[in-house]
Amino acid sequence: MVRSLPRLKLRYLLLAVNLTALWLPLLGLEALRLYESALVRQTESELVAQAAFVAASYRAALARLAPQAVADPAYGLPLATPWREQYDHETRWRPRPAQLDLAEDPVYPPPPETIPPSSPPDPHAQATGEELQSLLHDAQVITLAGIAIADTQGTVVATTGPSLGRSLMALEEVQRALTGEHMSRLRQRLPDSESPALDSISRGARLRVFVAAPVLQGQRIVAVTLLWRTPISLIQVLYGKRYHLMLATALLLGTSVIMSVLTSFAVVRPLQTLVSLAQRVTAGEQGVVVALARPVTREAAELSQAVATMAQHLEQRADYIRAFAAHVSHEFKTPLAAIRGAVELLRDHIGTMTLAERERFLGNLDQDAERLERLVRRLLELARADVMQATLTDSTDVATVVPQLAIHYQNIGRTATVLEPLPRVKAAMSEDVLESILTNLLDNTRQHGGDTVTLAVTYPVPDAELDTALLIEVSDNGPGISAANAARVFEPFFTTARSRGGTGLGLAVVKSLLTAHRGTIQLGETSTGTRMQIRLPVSRSSQI
């Protein structure tokens with residue numbers, strides 16, 4: 001059986017609703033921190049895209065101004081081994097996704113000052129830089145990003161800043177880009193003025209994003225591009241989204257209201273469903289009451305399961321009563337029809353009947369009346385067995401009852417053997433109940449042709465886990481029970497000895513009595529005859 005998950009209690013659910021309303025603002029602050037990282041990645045993505053366009057522009061200008069340098073396989077710097085292997089494995093597409101994360105990546109100090117170059121700039125790179133200088137300034141007007149292009153010695157040949165002709169080799173991003181690596185880094189920004197207005201294009205964030213990328217000509221590095229920009233601050237974003245934030249606040253309040261409604265829904269809706277199902281049962285429908293599929297609270301789940309179980313038991317009882325009534329009417333119909341027929345014959349022809357014929361008809365009437373009497377007696381026994389309830393004080397000495405019944409069976413001309421020694425143990429039931437159970441089994445043996453019965457009592461039972469049950473076996477030498485009938489022997493009104501006075505209720509009474517006392521009965525394996533095995537609970541004073 002699959003173990004279901006534990007259900008929430010109603011009080012815990014209400015507590016969770018209140019805590020959720022309190023935690024929503026704090027969760028919102030955490031979400032804003034994540035959004036700040038998204039702003040940094042957005043800036044990084046923009047700089048990566050701009051670096052790609054600057055590199056493409058540089059290659060095009062270099063090919064036009066210095067075709068001999070482009071054709072020279074020794075021009076530029078070779079790619080470092082790991083980046084060359086990566087370049088060899090890449091296809092036409094070489095995406096560079098944004099990777100910076102405020103939660104994981106450190107923020108480095110501000111970039112170091114530029115230094116004087118160690119050697120004159122590459123003339124081809126210098127000519128290309130002069131060609132692109134005005135283009136960089138025009139681009140900065142739109143992108144607001146700082147841009148610099150350096151040759152393979154790190155000397156700036158074109159820039160939007162004041163570092164033209166200076167060296168960037170003190171910057172680690174440039175050093176690593178000259179090996180072929182694409183670099184992105186967060187650095188501290190020292191503001192050179194007061195914080196800008198919220199609606200200003202100037203950005204007041206305390207950090208700056210740097211992106212360095214190699215300019216490749218085939219598999220040779222011919223230059224380096226360096227771009228930097230301050231990401232938009234969170235305050236500016238919030239100001240720009242002020243109307244959206246007001247809407248979000250309204251949604252937050254609406255969410256609280258909805259949570260309250262859902263809480264009521266979780267409590268009231270299951271009750272309404274159960275009431276509706278109960279009304280359908282009252283109207284006579286069957287099989288409609290089932291446990292709620294996904295109740296929110298544990299109380300609702302337990303209530304629905306209890307109601308479904310109760311409805312199932314009531315339906316089973318109603319089905320049992322209907323079937324029982326049908327069997328009873330059938331069993332009564334046969335002898336009543338025989339009695340009615342005999343009475344009509346006697347009334348119409350009693351004057352012409354011989355004495356022998358009258359005696360035969362009267363004998364038939366007596367047999368049918370006796371059969372009705374047996375049925376009534378058995379039905380009363382079954383009714384008492386169905387409603388019987390065991391008590392904790394019930395106790396019977398098995399070693400006393402079993403020999404007494406064996407003697408009674410022998411007195412009616414049958415052979416009854418009790419296997420000795422009998423264990424001195426008490427069964428948890430009254431003496432008259434135990435006698436009724438064993439008497440029914442002995443009568444059943446007699447009706448089915450068994451003239452020898454063996455009774456055996458075993459305690460403790462070898463296959464029982466605890467010493468809380470005793471075993472009584474009743475075996476006979478009768479014809480036995482066929483495999484086809486073995487599954488039906490405990491059904492009410494099922495009998496193969498109706499012609500010998502059997503009512504089909506004896507074993508049903510036995511089973512009901514045992515069920516009421518937490519006992520069981522089953523057919524045991526035997527090569528001849530029939531063996532009934534009864535397991536009875538042992539009284540608390542288990543052994544005498």
# chains A, B, ... in the order shown; residues from 1 in each chain; ligands from 1
>>> residues_around(residues="A:Leu405", least_positions_apart="4", cutoff="12 Å", atoms="only C-alpha atoms", output="list in words")
Val398, Ala399, Thr400, Val401, Tyr409, Gln410, Asn411, Ile412, Arg414, Thr415, Ala416, Thr417, Val418, Glu431, Asp432, Leu434, Glu435, Ser436, Ile437, Leu438, Thr439, Asn440, Leu441, Leu442, Asp443, Val453, Thr454, Leu455 and Val474 of chain A
>>> write_last_selection(atoms="N, CA and C atoms", output="PDB file, in the first residue's frame")
ATOM      1  N   VAL A 398     -10.789 -24.483  26.938  1.00  0.00           N
ATOM      2  CA  VAL A 398     -10.948 -25.343  25.769  1.00  0.00           C
ATOM      3  C   VAL A 398     -10.858 -26.810  26.157  1.00  0.00           C
ATOM      4  N   ALA A 399     -10.011 -27.144  27.112  1.00  0.00           N
ATOM      5  CA  ALA A 399      -9.825 -28.551  27.517  1.00  0.00           C
ATOM      6  C   ALA A 399     -11.065 -29.117  28.192  1.00  0.00           C
ATOM      7  N   THR A 400     -11.982 -28.269  28.596  1.00  0.00           N
ATOM      8  CA  THR A 400     -13.228 -28.745  29.204  1.00  0.00           C
ATOM      9  C   THR A 400     -14.331 -28.900  28.163  1.00  0.00           C
ATOM     10  N   VAL A 401     -14.454 -27.941  27.248  1.00  0.00           N
ATOM     11  CA  VAL A 401     -15.543 -27.932  26.285  1.00  0.00           C
ATOM     12  C   VAL A 401     -15.372 -29.021  25.232  1.00  0.00           C
ATOM     13  N   TYR A 409     -21.374 -36.248  20.894  1.00  0.00           N
ATOM     14  CA  TYR A 409     -21.375 -36.783  19.535  1.00  0.00           C
ATOM     15  C   TYR A 409     -21.376 -38.300  19.560  1.00  0.00           C
ATOM     16  N   GLN A 410     -20.672 -38.873  20.512  1.00  0.00           N
ATOM     17  CA  GLN A 410     -20.644 -40.334  20.613  1.00  0.00           C
ATOM     18  C   GLN A 410     -21.996 -40.881  21.069  1.00  0.00           C
ATOM     19  N   ASN A 411     -22.721 -40.109  21.857  1.00  0.00           N
ATOM     20  CA  ASN A 411     -24.020 -40.563  22.360  1.00  0.00           C
ATOM     21  C   ASN A 411     -25.065 -40.702  21.254  1.00  0.00           C
ATOM     22  N   ILE A 412     -24.863 -40.025  20.112  1.00  0.00           N
ATOM     23  CA  ILE A 412     -25.823 -40.138  19.006  1.00  0.00           C
ATOM     24  C   ILE A 412     -25.335 -41.156  17.971  1.00  0.00           C
ATOM     25  N   ARG A 414     -22.080 -41.745  16.833  1.00  0.00           N
ATOM     26  CA  ARG A 414     -20.934 -41.403  15.987  1.00  0.00           C
ATOM     27  C   ARG A 414     -19.645 -41.616  16.761  1.00  0.00           C
ATOM     28  N   THR A 415     -18.551 -41.635  16.037  1.00  0.00           N
ATOM     29  CA  THR A 415     -17.246 -41.826  16.652  1.00  0.00           C
ATOM     30  C   THR A 415     -16.521 -40.487  16.690  1.00  0.00           C
ATOM     31  N   ALA A 416     -16.131 -40.081  17.884  1.00  0.00           N
ATOM     32  CA  ALA A 416     -15.412 -38.808  18.056  1.00  0.00           C
ATOM     33  C   ALA A 416     -14.155 -39.065  18.864  1.00  0.00           C
ATOM     34  N   THR A 417     -13.015 -38.668  18.337  1.00  0.00           N
ATOM     35  CA  THR A 417     -11.729 -38.877  18.982  1.00  0.00           C
ATOM     36  C   THR A 417     -11.094 -37.528  19.287  1.00  0.00           C
ATOM     37  N   VAL A 418     -10.641 -37.359  20.505  1.00  0.00           N
ATOM     38  CA  VAL A 418      -9.950 -36.130  20.917  1.00  0.00           C
ATOM     39  C   VAL A 418      -8.484 -36.474  21.119  1.00  0.00           C
ATOM     40  N   GLU A 431     -18.397 -19.698  26.766  1.00  0.00           N
ATOM     41  CA  GLU A 431     -18.501 -21.150  26.579  1.00  0.00           C
ATOM     42  C   GLU A 431     -19.590 -21.506  25.586  1.00  0.00           C
ATOM     43  N   ASP A 432     -20.760 -20.810  25.641  1.00  0.00           N
ATOM     44  CA  ASP A 432     -21.844 -21.159  24.735  1.00  0.00           C
ATOM     45  C   ASP A 432     -21.489 -20.846  23.282  1.00  0.00           C
ATOM     46  N   LEU A 434     -18.368 -21.019  21.976  1.00  0.00           N
ATOM     47  CA  LEU A 434     -17.466 -22.077  21.530  1.00  0.00           C
ATOM     48  C   LEU A 434     -18.243 -23.365  21.282  1.00  0.00           C
ATOM     49  N   GLU A 435     -19.191 -23.668  22.147  1.00  0.00           N
ATOM     50  CA  GLU A 435     -20.016 -24.863  21.934  1.00  0.00           C
ATOM     51  C   GLU A 435     -20.818 -24.749  20.643  1.00  0.00           C
ATOM     52  N   SER A 436     -21.369 -23.571  20.368  1.00  0.00           N
ATOM     53  CA  SER A 436     -22.149 -23.383  19.143  1.00  0.00           C
ATOM     54  C   SER A 436     -21.280 -23.591  17.914  1.00  0.00           C
ATOM     55  N   ILE A 437     -20.046 -23.084  17.938  1.00  0.00           N
ATOM     56  CA  ILE A 437     -19.140 -23.228  16.791  1.00  0.00           C
ATOM     57  C   ILE A 437     -18.835 -24.698  16.544  1.00  0.00           C
ATOM     58  N   LEU A 438     -18.436 -25.422  17.597  1.00  0.00           N
ATOM     59  CA  LEU A 438     -18.057 -26.827  17.425  1.00  0.00           C
ATOM     60  C   LEU A 438     -19.281 -27.691  17.117  1.00  0.00           C
ATOM     61  N   THR A 439     -20.427 -27.374  17.692  1.00  0.00           N
ATOM     62  CA  THR A 439     -21.648 -28.147  17.405  1.00  0.00           C
ATOM     63  C   THR A 439     -22.037 -28.013  15.939  1.00  0.00           C
ATOM     64  N   ASN A 440     -21.972 -26.812  15.409  1.00  0.00           N
ATOM     65  CA  ASN A 440     -22.278 -26.620  13.987  1.00  0.00           C
ATOM     66  C   ASN A 440     -21.335 -27.419  13.106  1.00  0.00           C
ATOM     67  N   LEU A 441     -20.056 -27.445  13.472  1.00  0.00           N
ATOM     68  CA  LEU A 441     -19.097 -28.207  12.661  1.00  0.00           C
ATOM     69  C   LEU A 441     -19.380 -29.700  12.754  1.00  0.00           C
ATOM     70  N   LEU A 442     -19.737 -30.194  13.927  1.00  0.00           N
ATOM     71  CA  LEU A 442     -20.052 -31.622  14.073  1.00  0.00           C
ATOM     72  C   LEU A 442     -21.335 -31.975  13.328  1.00  0.00           C
ATOM     73  N   ASP A 443     -22.341 -31.095  13.392  1.00  0.00           N
ATOM     74  CA  ASP A 443     -23.571 -31.341  12.631  1.00  0.00           C
ATOM     75  C   ASP A 443     -23.300 -31.326  11.137  1.00  0.00           C
ATOM     76  N   VAL A 453     -15.052 -38.472  13.641  1.00  0.00           N
ATOM     77  CA  VAL A 453     -14.524 -37.105  13.743  1.00  0.00           C
ATOM     78  C   VAL A 453     -13.332 -37.112  14.687  1.00  0.00           C
ATOM     79  N   THR A 454     -12.333 -36.343  14.326  1.00  0.00           N
ATOM     80  CA  THR A 454     -11.151 -36.186  15.172  1.00  0.00           C
ATOM     81  C   THR A 454     -10.992 -34.709  15.505  1.00  0.00           C
ATOM     82  N   LEU A 455     -10.865 -34.422  16.810  1.00  0.00           N
ATOM     83  CA  LEU A 455     -10.675 -33.050  17.259  1.00  0.00           C
ATOM     84  C   LEU A 455      -9.281 -32.898  17.849  1.00  0.00           C
ATOM     85  N   VAL A 474     -10.936 -29.808  13.207  1.00  0.00           N
ATOM     86  CA  VAL A 474     -12.018 -30.797  13.202  1.00  0.00           C
ATOM     87  C   VAL A 474     -11.933 -31.552  11.883  1.00  0.00           C
TER      88      VAL A 474
END
>>> select_by_dssp(residues="stretch 35-186 of chain A", states="helix (DSSP H, G or I)", output="PyMOL selection string")
chain A and resi 35-65+67-71+81-89+123-143+172-177
>>> select_by_dssp(residues="stretch 141-223 of chain A", states="strand (DSSP E)", output="PyMOL selection string")
chain A and resi 146-150+156-159+183-188+207-217+220-223
>>> write_last_selection(atoms="N, CA and C atoms", output="short mmCIF file (atom, residue, chain, number, x, y, z; two decimals), in the first residue's frame")
data_model
loop_
_atom_site.label_atom_id
_atom_site.label_comp_id
_atom_site.auth_asym_id
_atom_site.auth_seq_id
_atom_site.Cartn_x
_atom_site.Cartn_y
_atom_site.Cartn_z
N GLY A 146 32.82 53.27 -23.27
CA GLY A 146 34.20 53.60 -23.60
C GLY A 146 34.80 52.51 -24.45
N ILE A 147 35.58 52.92 -25.49
CA ILE A 147 36.12 51.95 -26.43
C ILE A 147 37.60 52.26 -26.65
N ALA A 148 38.41 51.22 -26.69
CA ALA A 148 39.83 51.38 -27.01
C ALA A 148 40.26 50.19 -27.84
N ILE A 149 41.19 50.52 -28.82
CA ILE A 149 41.79 49.46 -29.65
C ILE A 149 43.28 49.54 -29.45
N ALA A 150 43.90 48.40 -29.13
CA ALA A 150 45.35 48.34 -28.90
C ALA A 150 45.97 47.36 -29.86
N VAL A 156 47.62 51.72 -27.35
CA VAL A 156 46.33 52.18 -27.82
C VAL A 156 46.50 52.93 -29.13
N VAL A 157 45.79 52.47 -30.17
CA VAL A 157 45.87 53.11 -31.48
C VAL A 157 44.58 53.84 -31.82
N ALA A 158 43.52 53.60 -31.06
CA ALA A 158 42.26 54.32 -31.25
C ALA A 158 41.48 54.21 -29.97
N THR A 159 40.85 55.30 -29.53
CA THR A 159 40.12 55.27 -28.27
C THR A 159 39.16 56.44 -28.19
N MET A 183 37.50 38.10 -22.35
CA MET A 183 37.46 38.40 -20.92
C MET A 183 36.33 39.36 -20.59
N SER A 184 35.64 39.09 -19.46
CA SER A 184 34.66 40.00 -18.88
C SER A 184 34.95 40.10 -17.40
N ARG A 185 34.90 41.32 -16.87
CA ARG A 185 35.28 41.51 -15.47
C ARG A 185 34.53 42.70 -14.89
N LEU A 186 34.22 42.58 -13.60
CA LEU A 186 33.61 43.67 -12.85
C LEU A 186 34.71 44.39 -12.06
N ARG A 187 34.71 45.71 -12.18
CA ARG A 187 35.67 46.52 -11.43
C ARG A 187 34.95 47.65 -10.70
N GLN A 188 35.56 48.07 -9.61
CA GLN A 188 35.01 49.19 -8.87
C GLN A 188 35.09 50.47 -9.70
N LEU A 207 30.10 50.22 -9.74
CA LEU A 207 30.96 49.25 -10.42
C LEU A 207 30.85 49.48 -11.92
N ARG A 208 31.79 48.87 -12.64
CA ARG A 208 31.86 49.05 -14.08
C ARG A 208 32.20 47.71 -14.72
N VAL A 209 31.61 47.45 -15.88
CA VAL A 209 31.83 46.20 -16.61
C VAL A 209 32.89 46.44 -17.67
N PHE A 210 33.93 45.58 -17.69
CA PHE A 210 34.99 45.64 -18.69
C PHE A 210 34.92 44.37 -19.54
N VAL A 211 35.02 44.53 -20.85
CA VAL A 211 35.04 43.41 -21.78
C VAL A 211 36.23 43.59 -22.71
N ALA A 212 37.11 42.59 -22.77
CA ALA A 212 38.26 42.60 -23.67
C ALA A 212 38.16 41.41 -24.60
N ALA A 213 38.45 41.63 -25.90
CA ALA A 213 38.33 40.56 -26.89
C ALA A 213 39.44 40.69 -27.91
N PRO A 214 40.02 39.59 -28.35
CA PRO A 214 41.05 39.65 -29.39
C PRO A 214 40.42 39.92 -30.76
N VAL A 215 41.15 40.64 -31.61
CA VAL A 215 40.76 40.82 -33.01
C VAL A 215 41.55 39.79 -33.81
N LEU A 216 40.86 38.81 -34.38
CA LEU A 216 41.50 37.68 -35.05
C LEU A 216 41.48 37.87 -36.55
N GLN A 217 42.61 37.56 -37.16
CA GLN A 217 42.73 37.46 -38.60
C GLN A 217 43.14 36.02 -38.88
N ARG A 220 45.41 34.30 -36.12
CA ARG A 220 46.43 35.23 -35.60
C ARG A 220 45.72 36.41 -34.94
N ILE A 221 46.29 36.87 -33.81
CA ILE A 221 45.77 38.03 -33.09
C ILE A 221 46.44 39.27 -33.67
N VAL A 222 45.65 40.19 -34.24
CA VAL A 222 46.22 41.39 -34.87
C VAL A 222 45.94 42.64 -34.04
N ALA A 223 45.05 42.55 -33.05
CA ALA A 223 44.76 43.69 -32.19
C ALA A 223 43.87 43.22 -31.04
#
>>> residues_around(residues="A:Thr114", least_positions_apart="4", cutoff="10 Å", atoms="only C-alpha atoms", output="MDAnalysis selection string")
chainID A and resid 155:156 162:171
>>> write_last_selection(atoms="C-alpha atoms", output="PDB file, in the first residue's frame")
ATOM      1  CA  THR A 155      49.586  50.297 -27.295  1.00  0.00           C
ATOM      2  CA  VAL A 156      46.328  52.182 -27.819  1.00  0.00           C
ATOM      3  CA  PRO A 162      42.571  60.238 -23.366  1.00  0.00           C
ATOM      4  CA  SER A 163      44.832  57.168 -23.494  1.00  0.00           C
ATOM      5  CA  LEU A 164      45.782  57.333 -27.194  1.00  0.00           C
ATOM      6  CA  GLY A 165      49.407  56.267 -27.581  1.00  0.00           C
ATOM      7  CA  ARG A 166      49.570  54.853 -24.066  1.00  0.00           C
ATOM      8  CA  SER A 167      49.965  51.175 -23.168  1.00  0.00           C
ATOM      9  CA  LEU A 168      47.224  48.987 -21.607  1.00  0.00           C
ATOM     10  CA  MET A 169      49.555  46.126 -20.713  1.00  0.00           C
ATOM     11  CA  ALA A 170      49.053  46.851 -17.000  1.00  0.00           C
ATOM     12  CA  LEU A 171      45.424  45.755 -17.386  1.00  0.00           C
TER      13      LEU A 171
END
>>> closest_residue(among="A:Ala61, A:Val107, A:Leu144, A:Leu251", to="A:Glu131", atoms="only C-alpha atoms")
A:Ala61
>>> residues_around(residues="stretch 365-373 of chain A", least_positions_apart="2", cutoff="6 Å", atoms="only C-alpha atoms", output="mmCIF file with N, CA and C atoms, in the first residue's frame")
data_model
loop_
_atom_site.group_PDB
_atom_site.id
_atom_site.type_symbol
_atom_site.label_atom_id
_atom_site.label_comp_id
_atom_site.auth_asym_id
_atom_site.auth_seq_id
_atom_site.Cartn_x
_atom_site.Cartn_y
_atom_site.Cartn_z
ATOM 1 N N PRO A 335 -40.546 -25.146 0.624
ATOM 2 C CA PRO A 335 -41.424 -25.888 1.553
ATOM 3 C C PRO A 335 -42.836 -25.319 1.626
ATOM 4 N N ILE A 339 -46.178 -27.409 1.019
ATOM 5 C CA ILE A 339 -47.257 -27.463 2.007
ATOM 6 C C ILE A 339 -48.581 -27.052 1.368
ATOM 7 N N LEU A 362 -49.520 -36.292 4.878
ATOM 8 C CA LEU A 362 -49.305 -35.694 6.186
ATOM 9 C C LEU A 362 -47.836 -35.743 6.592
ATOM 10 N N GLY A 363 -47.160 -36.837 6.239
ATOM 11 C CA GLY A 363 -45.724 -36.927 6.505
ATOM 12 C C GLY A 363 -44.946 -35.853 5.751
ATOM 13 N N LEU A 375 -34.933 -23.695 9.335
ATOM 14 C CA LEU A 375 -34.520 -22.451 8.701
ATOM 15 C C LEU A 375 -34.673 -21.266 9.644
ATOM 16 N N VAL A 376 -35.813 -21.226 10.331
ATOM 17 C CA VAL A 376 -36.045 -20.118 11.267
ATOM 18 C C VAL A 376 -35.009 -20.132 12.387
#
>>> closest_residue(among="A:Leu419, A:Ala508, A:Leu303, A:Leu39", to="A:Ser475", atoms="only C-alpha atoms")
A:Leu419
